[in-house]
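Shown next, in structure tokens, is the structure this report addresses.
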There are 2 protein chains.
Amino acid sequence: MDIERIEAAAGRLKGHARVTPLLSSPFLDDIAGRRVLVKAECLQHTGSFKYRGARSAVSALPEDKRKNGVIAYSSGNHAQGVALAARQFGVAAVIVMPSDAPKMKIDNTRALGAEVVLYDRANEDRDAIGTKLSEERGLTLIRPFDEPEVIAGQGTCGLEIAAQAAELGVTEADVIVCCGGGGLTSGIALALEARAPGMRVRPAEPEGFDDVTRSLASGRIEHNASSANGLCDAIVTPQPGNLTFPIMNRLCGPGIVVTDDEAQMAMAQAFSRLKLVAEPGGAVALAAALYHGDQLDGDAVICTISGGNVDRAVFLRALEQFGEG
Amino acid sequence: MDIERIEAAAGRLKGHARVTPLLSSPFLDDIAGRRVLVKAECLQHTGSFKYRGARSAVSALPEDKRKNGVIAYSSGNHAQGVALAARQFGVAAVIVMPSDAPKMKIDNTRALGAEVVLYDRANEDRDAIGTKLSEERGLTLIRPFDEPEVIAGQGTCGLEIAAQAAELGVTEADVIVCCGGGGLTSGIALALEARAPGMRVRPAEPEGFDDVTRSLASGRIEHNASSANGLCDAIVTPQPGNLTFPIMNRLCGPGIVVTDDEAQMAMAQAFSRLKLVAEPGGAVALAAALYHGDQLDGDAVICTISGGNVDRAVFLRALEQFGEG
């Protein structure tokens, strides 16, 4: 994995992925006690950054492999990204999703033309299901994070952060990234290593699912104790990836762990101050920026809002409990 | 008023106003039965397009006038725009606001450093109050729409629409604009006349406050019967402006009138499909695009979401009543 691969992905994504804005609000600066810049990946196609990696991977397949179709396993955001990318290339997509994924994510994936196969998150192994289906039907498996072309696609978000922050005069900052398996985190870290070496990537995770934070502390891959779903469903993965962890271990950290309440407080701030809809897992980096400033260095912090695919009831509850006014 | 004035405003706004994204969703296309492009001005600084006109007007003042400070009367979005622009130039801002304006808008205006003077919308004349204060204290009045440099500033939104739509291959479309006094509508119309002559601007208004639609139909300035506030507070003005109406009468129409329910349905769609927070008045153009397609021509429609400054309770009610999932 290197910057050339990310640049190549950026070339394939040009005119397809959105260049999402880097937003700010003086009200957020006041809370954080420093300048806060927010990379609004909830505005990406399909409502999360996952479209970048999915389109990168599908577009990198040789035509004779791609035409048989693709398969993915995902709690929802990667699912939608792969479904849309496959549809854009006119090939079939089969998506293996946990049966307890947010309804909006399952519905959207189906609406984007994919065939959805549901599985039980607690008792079944999504990798095994995915591998079996892909062998049976000649589909190419698009892994959600441990796949070089997916990491390269997510890295294009980092290229944009480097360029947009430089335009605002920011070249040194902690860059907090919502972290599940580490695809976005490692991709952004590689991009910034080359394009904004004054920045340092800090993975953010929800309490109870802090496998990356603990892995970075110990220097080896650590697992989450629980395999249950959490409020931050988008970034609940059992452990960092075999490809993503060495990159994160070299370039990122320390991790920052936020509570579910803090994630919901950040959702309420994104609503009132940025006019953005963030899902819980997509709000953990903003929560870290706003409420864990003691763990940050410098006058500016950059954070991703990695997705906005949240069921209405979850959003309403966050606003009712943690909103102002 | 001409395109040169808008280009000059764009020069003054460069590096200050955000270039807001032109967004889309296949789900919205399905509802509308055509391609829908959404200009997300709720992502502008201060949460609405009004910052463009405010910054344009304040930046156009001669230094010796500007240093005495500025004054504005506004239901809230122009207020915040002027407050921020004045703060950026280090000059005082006095804002005359109706006492029934959304609490968020009053609070934000104060937080941006302005002095807020509240008045009774039903029984007092905001123009008279504004003029009196400005004479007493040597402040320059920044009118909310009937002011050439404000219209020019709002017109920069039209320059962006023309360029962004062309990049997506769209050069012919109805462009629906949320319309109060007509500053944004006339500014965009002038910009598109010069830069995208295949586009036609269609003002959108809420039922009961359709003064512009009726004025365009009759060819002369018509008033709203009610001076009460409505759900769509941002775009409730008594009549089109003396400067804006001739421009709209030459370039725009027919107007499209939507119900408050349709505006709230559009807010729910912006939440679930675009991950954007729209205020009721900022959602009327999207409502027209989604639910009044019989009044539109062509394969594509462009609409503004002009602002996102909505009190939490109003937003929650819209999502509870009109959201899905």
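Residue numbering restarts at 1 for every chain of the structure tokens, chains are lettered A, B, ... in their displayed order, and ligands are numbered from 1 as they appear.
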
Residues of chain B no more than 6 Å from chain A, counting only C-alpha atoms: send them over as a PyMOL selection string.
chain B and resi 275-277+308

Any chance you can output those residues with N, CA and C atoms as an mmCIF file, in the first residue's frame?
```
data_model
loop_
_atom_site.group_PDB
_atom_site.id
_atom_site.type_symbol
_atom_site.label_atom_id
_atom_site.label_comp_id
_atom_site.auth_asym_id
_atom_site.auth_seq_id
_atom_site.Cartn_x
_atom_site.Cartn_y
_atom_site.Cartn_z
ATOM 1 N N LYS B 275 -29.049 13.531 4.207
ATOM 2 C CA LYS B 275 -28.342 13.718 5.482
ATOM 3 C C LYS B 275 -28.175 15.194 5.810
ATOM 4 N N LEU B 276 -29.198 15.968 5.407
ATOM 5 C CA LEU B 276 -29.176 17.407 5.629
ATOM 6 C C LEU B 276 -30.321 17.823 6.541
ATOM 7 N N VAL B 277 -30.055 18.853 7.336
ATOM 8 C CA VAL B 277 -31.086 19.476 8.154
ATOM 9 C C VAL B 277 -31.607 20.699 7.403
ATOM 10 N N GLY B 308 -30.987 25.896 7.213
ATOM 11 C CA GLY B 308 -31.188 24.771 8.120
ATOM 12 C C GLY B 308 -31.341 25.201 9.576
#
```

Shell around Arg34 in chain A at 9 Å using only C-alpha atoms, local window under 3 positions removed, as a PDB file with N, CA, C and O atoms, in the first residue's frame:
```pdb
ATOM      1  N   LEU A  28     -18.808  25.151  17.524  1.00  0.00           N
ATOM      2  CA  LEU A  28     -18.040  23.939  17.819  1.00  0.00           C
ATOM      3  C   LEU A  28     -16.634  24.296  18.300  1.00  0.00           C
ATOM      4  O   LEU A  28     -16.096  23.656  19.216  1.00  0.00           O
ATOM      5  N   ASP A  29     -16.050  25.322  17.686  1.00  0.00           N
ATOM      6  CA  ASP A  29     -14.721  25.780  18.149  1.00  0.00           C
ATOM      7  C   ASP A  29     -14.769  26.138  19.631  1.00  0.00           C
ATOM      8  O   ASP A  29     -13.849  25.817  20.384  1.00  0.00           O
ATOM      9  N   ASP A  30     -15.871  26.805  20.031  1.00  0.00           N
ATOM     10  CA  ASP A  30     -16.006  27.202  21.436  1.00  0.00           C
ATOM     11  C   ASP A  30     -16.053  25.985  22.356  1.00  0.00           C
ATOM     12  O   ASP A  30     -15.434  25.977  23.424  1.00  0.00           O
ATOM     13  N   ILE A  31     -16.814  24.970  21.964  1.00  0.00           N
ATOM     14  CA  ILE A  31     -16.907  23.764  22.806  1.00  0.00           C
ATOM     15  C   ILE A  31     -15.540  23.087  22.916  1.00  0.00           C
ATOM     16  O   ILE A  31     -15.108  22.680  23.991  1.00  0.00           O
ATOM     17  N   GLY A 293     -10.787  16.847  24.437  1.00  0.00           N
ATOM     18  CA  GLY A 293      -9.738  17.766  24.015  1.00  0.00           C
ATOM     19  C   GLY A 293      -8.444  17.606  24.804  1.00  0.00           C
ATOM     20  O   GLY A 293      -7.366  17.925  24.300  1.00  0.00           O
ATOM     21  N   GLY A 298      -2.379  20.791  19.888  1.00  0.00           N
ATOM     22  CA  GLY A 298      -2.414  21.782  18.822  1.00  0.00           C
ATOM     23  C   GLY A 298      -3.667  22.636  18.796  1.00  0.00           C
ATOM     24  O   GLY A 298      -4.618  22.426  19.551  1.00  0.00           O
ATOM     25  N   ASP A 299      -3.646  23.632  17.889  1.00  0.00           N
ATOM     26  CA  ASP A 299      -4.704  24.638  17.810  1.00  0.00           C
ATOM     27  C   ASP A 299      -5.865  24.212  16.935  1.00  0.00           C
ATOM     28  O   ASP A 299      -6.913  24.868  16.919  1.00  0.00           O
ATOM     29  N   ALA A 300      -5.696  23.154  16.167  1.00  0.00           N
ATOM     30  CA  ALA A 300      -6.753  22.727  15.255  1.00  0.00           C
ATOM     31  C   ALA A 300      -6.929  21.220  15.340  1.00  0.00           C
ATOM     32  O   ALA A 300      -5.964  20.486  15.588  1.00  0.00           O
ATOM     33  N   VAL A 301      -8.166  20.776  15.175  1.00  0.00           N
ATOM     34  CA  VAL A 301      -8.441  19.344  15.097  1.00  0.00           C
ATOM     35  C   VAL A 301      -9.357  19.113  13.898  1.00  0.00           C
ATOM     36  O   VAL A 301     -10.243  19.923  13.615  1.00  0.00           O
TER      37      VAL A 301
END
```

Compile the contact shell of Ala79 in chain A as a tab-separated table (two decimals) with C-alpha atoms, in the first residue's frame: residues with an atom at most 7 Å away, counting only C-alpha atoms, same-chain residues fewer than 6 positions apart removed.
```
chain	number	residue	atom	x	y	z
A	72	ALA	CA	-19.90	-8.18	0.22
A	73	TYR	CA	-20.62	-8.65	3.88
A	95	ILE	CA	-24.80	-8.46	0.14
A	109	THR	CA	-29.21	-1.80	-0.03
```

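Closest approach to Val91 in chain B among B:Asp64, B:Asp260, B:Asp294, B:Glu7: B:Asp64, based on only C-alpha atoms.
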
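Distance annotation: of B:Ile151, B:Ile161, B:Val212, B:Ala266, the residue with the minimal separation from Asn249 in chain B is B:Val212; atom set is only C-alpha atoms.
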
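Of the listed residues B:Thr244, B:Val257, B:Asp174, B:Ile3, the one whose atoms come nearest to Gly208 in chain B is B:Val257, with distances taken using only C-alpha atoms.
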
Per DSSP on the backbone, filter range 26-202 of chain A down to the residues in alpha helix (DSSP H) and report them as number ranges by chain.
A: 26-32, 50-60, 63-66, 77-89, 103-111, 126-137, 148-167, 183-195

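Proximity to range 229-242 of chain A at 7 Å, evaluated using only C-alpha atoms and with sequence-adjacent residues fewer than 2 positions away removed, yields Ser75, Asn77, Asp146, Cys179, Gly180, Gly181, Gly182, Pro206, Phe209, Asp211, Val212, Ile221, Glu222, His223, Asn224, Ser227, Thr244, Phe245, Asp260, Pro280 and Gly281 of chain A.
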
Export all heavy atoms of the chosen residues as a compact mmCIF listing (two decimals), in the first residue's frame?
```
# COMPACT_ATOMS: atom_id res chain seq x y z
N SER A 75 -22.39 -4.47 7.76
CA SER A 75 -23.49 -4.05 8.64
C SER A 75 -24.36 -3.00 7.97
O SER A 75 -25.38 -2.61 8.51
CB SER A 75 -22.94 -3.51 9.95
OG SER A 75 -22.30 -2.27 9.73
N ASN A 77 -23.21 0.08 5.67
CA ASN A 77 -22.67 1.17 4.86
C ASN A 77 -21.83 0.65 3.70
O ASN A 77 -21.98 1.13 2.56
CB ASN A 77 -21.88 2.14 5.74
CG ASN A 77 -22.80 3.07 6.52
OD1 ASN A 77 -23.94 3.29 6.11
ND2 ASN A 77 -22.32 3.59 7.63
N ASP A 146 -10.26 -5.03 4.77
CA ASP A 146 -8.95 -5.67 4.60
C ASP A 146 -8.69 -6.03 3.15
O ASP A 146 -8.53 -7.20 2.79
CB ASP A 146 -8.85 -6.90 5.51
CG ASP A 146 -7.67 -6.76 6.48
OD1 ASP A 146 -7.07 -5.67 6.52
OD2 ASP A 146 -7.36 -7.75 7.17
N CYS A 179 -13.45 4.75 13.60
CA CYS A 179 -12.69 3.56 13.24
C CYS A 179 -13.42 2.27 13.58
O CYS A 179 -13.77 2.03 14.73
CB CYS A 179 -11.34 3.60 13.95
SG CYS A 179 -10.23 2.30 13.40
N GLY A 180 -13.65 1.44 12.57
CA GLY A 180 -14.17 0.09 12.77
C GLY A 180 -13.05 -0.88 12.50
O GLY A 180 -12.18 -1.11 13.32
N GLY A 181 -13.01 -1.42 11.28
CA GLY A 181 -11.93 -2.33 10.90
C GLY A 181 -10.65 -1.62 10.51
O GLY A 181 -9.59 -2.23 10.39
N GLY A 182 -10.73 -0.33 10.29
CA GLY A 182 -9.54 0.46 10.03
C GLY A 182 -9.28 0.82 8.58
O GLY A 182 -8.22 1.37 8.25
N PRO A 206 -16.13 3.62 19.99
CA PRO A 206 -17.07 3.66 21.11
C PRO A 206 -16.63 2.73 22.24
O PRO A 206 -16.02 1.69 21.99
CB PRO A 206 -18.38 3.15 20.48
CG PRO A 206 -17.96 2.32 19.32
CD PRO A 206 -16.62 2.80 18.87
N PHE A 209 -16.00 -1.22 22.43
CA PHE A 209 -15.59 -1.73 21.11
C PHE A 209 -14.29 -1.02 20.71
O PHE A 209 -14.16 -0.51 19.60
CB PHE A 209 -16.70 -1.51 20.07
CG PHE A 209 -18.00 -2.17 20.46
CD1 PHE A 209 -18.98 -1.47 21.14
CD2 PHE A 209 -18.22 -3.50 20.16
CE1 PHE A 209 -20.17 -2.08 21.51
CE2 PHE A 209 -19.40 -4.13 20.54
CZ PHE A 209 -20.38 -3.42 21.21
N ASP A 211 -11.21 -2.07 20.24
CA ASP A 211 -10.16 -3.01 19.83
C ASP A 211 -8.95 -2.30 19.21
O ASP A 211 -7.81 -2.67 19.48
CB ASP A 211 -10.72 -4.05 18.85
CG ASP A 211 -11.48 -3.42 17.70
OD1 ASP A 211 -12.45 -2.67 17.98
OD2 ASP A 211 -11.12 -3.65 16.54
N VAL A 212 -9.17 -1.28 18.41
CA VAL A 212 -8.05 -0.62 17.75
C VAL A 212 -7.23 0.18 18.76
O VAL A 212 -5.99 0.14 18.75
CB VAL A 212 -8.54 0.29 16.59
CG1 VAL A 212 -7.40 1.14 16.04
CG2 VAL A 212 -9.13 -0.57 15.47
N ILE A 221 -2.64 -7.18 17.56
CA ILE A 221 -4.08 -7.17 17.34
C ILE A 221 -4.84 -7.70 18.55
O ILE A 221 -4.61 -8.83 19.00
CB ILE A 221 -4.43 -7.99 16.07
CG1 ILE A 221 -3.96 -7.23 14.83
CG2 ILE A 221 -5.92 -8.29 16.00
CD1 ILE A 221 -4.21 -7.92 13.51
N GLU A 222 -5.73 -6.85 19.10
CA GLU A 222 -6.58 -7.23 20.23
C GLU A 222 -8.03 -7.33 19.76
O GLU A 222 -8.43 -6.64 18.83
CB GLU A 222 -6.49 -6.15 21.34
CG GLU A 222 -5.08 -5.79 21.76
CD GLU A 222 -4.48 -6.79 22.76
OE1 GLU A 222 -5.23 -7.69 23.20
OE2 GLU A 222 -3.28 -6.67 23.07
N HIS A 223 -8.80 -8.16 20.45
CA HIS A 223 -10.20 -8.39 20.07
C HIS A 223 -11.13 -7.65 21.02
O HIS A 223 -10.79 -7.39 22.15
CB HIS A 223 -10.53 -9.89 20.14
CG HIS A 223 -9.68 -10.73 19.26
ND1 HIS A 223 -10.19 -11.46 18.22
CD2 HIS A 223 -8.33 -10.93 19.25
CE1 HIS A 223 -9.20 -12.09 17.62
NE2 HIS A 223 -8.06 -11.78 18.21
N ASN A 224 -12.35 -7.38 20.53
CA ASN A 224 -13.40 -6.91 21.42
C ASN A 224 -13.96 -8.09 22.21
O ASN A 224 -14.11 -9.19 21.67
CB ASN A 224 -14.53 -6.25 20.62
CG ASN A 224 -14.12 -4.88 20.11
OD1 ASN A 224 -13.43 -4.13 20.81
ND2 ASN A 224 -14.53 -4.57 18.90
N SER A 227 -19.32 -9.56 20.99
CA SER A 227 -19.63 -9.56 19.57
C SER A 227 -21.03 -9.02 19.33
O SER A 227 -21.56 -9.06 18.23
CB SER A 227 -19.51 -10.98 19.00
OG SER A 227 -20.55 -11.78 19.53
N THR A 244 -4.90 -3.57 7.68
CA THR A 244 -5.03 -2.20 8.20
C THR A 244 -4.21 -2.00 9.48
O THR A 244 -3.69 -0.91 9.71
CB THR A 244 -6.50 -1.85 8.49
OG1 THR A 244 -7.04 -2.78 9.44
CG2 THR A 244 -7.33 -1.88 7.22
N PHE A 245 -4.09 -3.06 10.31
CA PHE A 245 -3.42 -2.82 11.59
C PHE A 245 -1.96 -2.41 11.45
O PHE A 245 -1.52 -1.45 12.11
CB PHE A 245 -3.55 -4.02 12.55
CG PHE A 245 -2.85 -3.77 13.83
CD1 PHE A 245 -3.32 -2.77 14.70
CD2 PHE A 245 -1.69 -4.44 14.18
CE1 PHE A 245 -2.65 -2.48 15.88
CE2 PHE A 245 -1.02 -4.15 15.36
CZ PHE A 245 -1.50 -3.17 16.21
N ASP A 260 -21.33 6.19 24.44
CA ASP A 260 -22.49 6.32 23.57
C ASP A 260 -23.19 7.66 23.80
O ASP A 260 -23.71 8.26 22.84
CB ASP A 260 -23.48 5.16 23.83
CG ASP A 260 -23.02 3.86 23.18
OD1 ASP A 260 -22.00 3.86 22.46
OD2 ASP A 260 -23.70 2.83 23.38
N PRO A 280 -24.72 7.31 14.81
CA PRO A 280 -23.91 7.24 16.03
C PRO A 280 -22.44 6.90 15.77
O PRO A 280 -21.55 7.61 16.23
CB PRO A 280 -24.62 6.14 16.85
CG PRO A 280 -26.05 6.20 16.40
CD PRO A 280 -25.98 6.54 14.93
N GLY A 281 -22.20 5.84 15.00
CA GLY A 281 -20.82 5.47 14.71
C GLY A 281 -20.09 6.53 13.90
O GLY A 281 -18.86 6.64 13.97
```

Write down as a PyMOL selection string the residues of range 16-208 of chain B whose backbone DSSP state falls under strand (DSSP E or B).
chain B and resi 22-23+35-40+48+70-73+93-98+115-119+140-141+173-178+199-206

May I have the residues within 12 Å of range 128-131 of chain B as a ChimeraX atom specification, using only C-alpha atoms and disregarding those fewer than 2 positions away in the same chain?
/B:70-74,93-98,116-121,123-126,133-144

Writing out the chosen residues with C-alpha atoms as an mmCIF file, in the first residue's frame:
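Wrote selection23.cif, looks like this:
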```
data_model
loop_
_atom_site.group_PDB
_atom_site.id
_atom_site.type_symbol
_atom_site.label_atom_id
_atom_site.label_comp_id
_atom_site.auth_asym_id
_atom_site.auth_seq_id
_atom_site.Cartn_x
_atom_site.Cartn_y
_atom_site.Cartn_z
ATOM 1 C CA VAL B 70 -24.161 48.072 10.484
ATOM 2 C CA ILE B 71 -27.795 47.371 11.271
ATOM 3 C CA ALA B 72 -30.233 44.840 9.847
ATOM 4 C CA TYR B 73 -33.799 43.723 10.383
ATOM 5 C CA SER B 74 -34.443 40.043 9.887
ATOM 6 C CA ALA B 93 -23.875 44.945 14.290
ATOM 7 C CA VAL B 94 -27.345 45.811 15.601
ATOM 8 C CA ILE B 95 -30.065 43.365 14.541
ATOM 9 C CA VAL B 96 -33.790 44.103 14.726
ATOM 10 C CA MET B 97 -35.614 40.770 15.033
ATOM 11 C CA PRO B 98 -39.265 39.805 15.522
ATOM 12 C CA VAL B 116 -30.361 42.121 19.173
ATOM 13 C CA VAL B 117 -33.387 44.475 19.345
ATOM 14 C CA LEU B 118 -36.692 42.546 19.422
ATOM 15 C CA TYR B 119 -39.954 43.948 17.972
ATOM 16 C CA ASP B 120 -43.584 42.853 17.687
ATOM 17 C CA ARG B 121 -44.124 41.516 14.149
ATOM 18 C CA ASN B 123 -47.915 45.747 15.458
ATOM 19 C CA GLU B 124 -44.568 47.335 14.658
ATOM 20 C CA ASP B 125 -42.845 48.256 11.385
ATOM 21 C CA ARG B 126 -39.364 46.793 11.232
ATOM 22 C CA LEU B 133 -31.795 53.255 14.897
ATOM 23 C CA SER B 134 -29.470 53.593 11.958
ATOM 24 C CA GLU B 135 -29.880 57.385 11.887
ATOM 25 C CA GLU B 136 -29.432 57.737 15.637
ATOM 26 C CA ARG B 137 -26.230 55.729 15.778
ATOM 27 C CA GLY B 138 -24.618 56.268 12.390
ATOM 28 C CA LEU B 139 -25.081 52.614 11.423
ATOM 29 C CA THR B 140 -25.436 51.545 7.806
ATOM 30 C CA LEU B 141 -28.666 49.662 7.145
ATOM 31 C CA ILE B 142 -28.117 46.338 5.345
ATOM 32 C CA ARG B 143 -31.532 45.510 3.889
ATOM 33 C CA PRO B 144 -32.400 41.802 3.722
#
```

What does the structure give for the distance between CA of Gly253 in chain A and CA of Gln269 in chain A, in Å to one decimal?
25.0 Å

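Atom to atom, CA of Ile6 in chain A and CA of Gly90 in chain A stand 24.4 Å apart.
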
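Counting from CA of Arg12 in chain A, the distance to CA of Ile106 in chain A is 27.2 Å.
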
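With only C-alpha atoms as the atoms that count, the minimum distance from Ile247 in chain B to the choices B:Val175, B:Met267, B:Pro148, B:Val170 is reached by B:Pro148.
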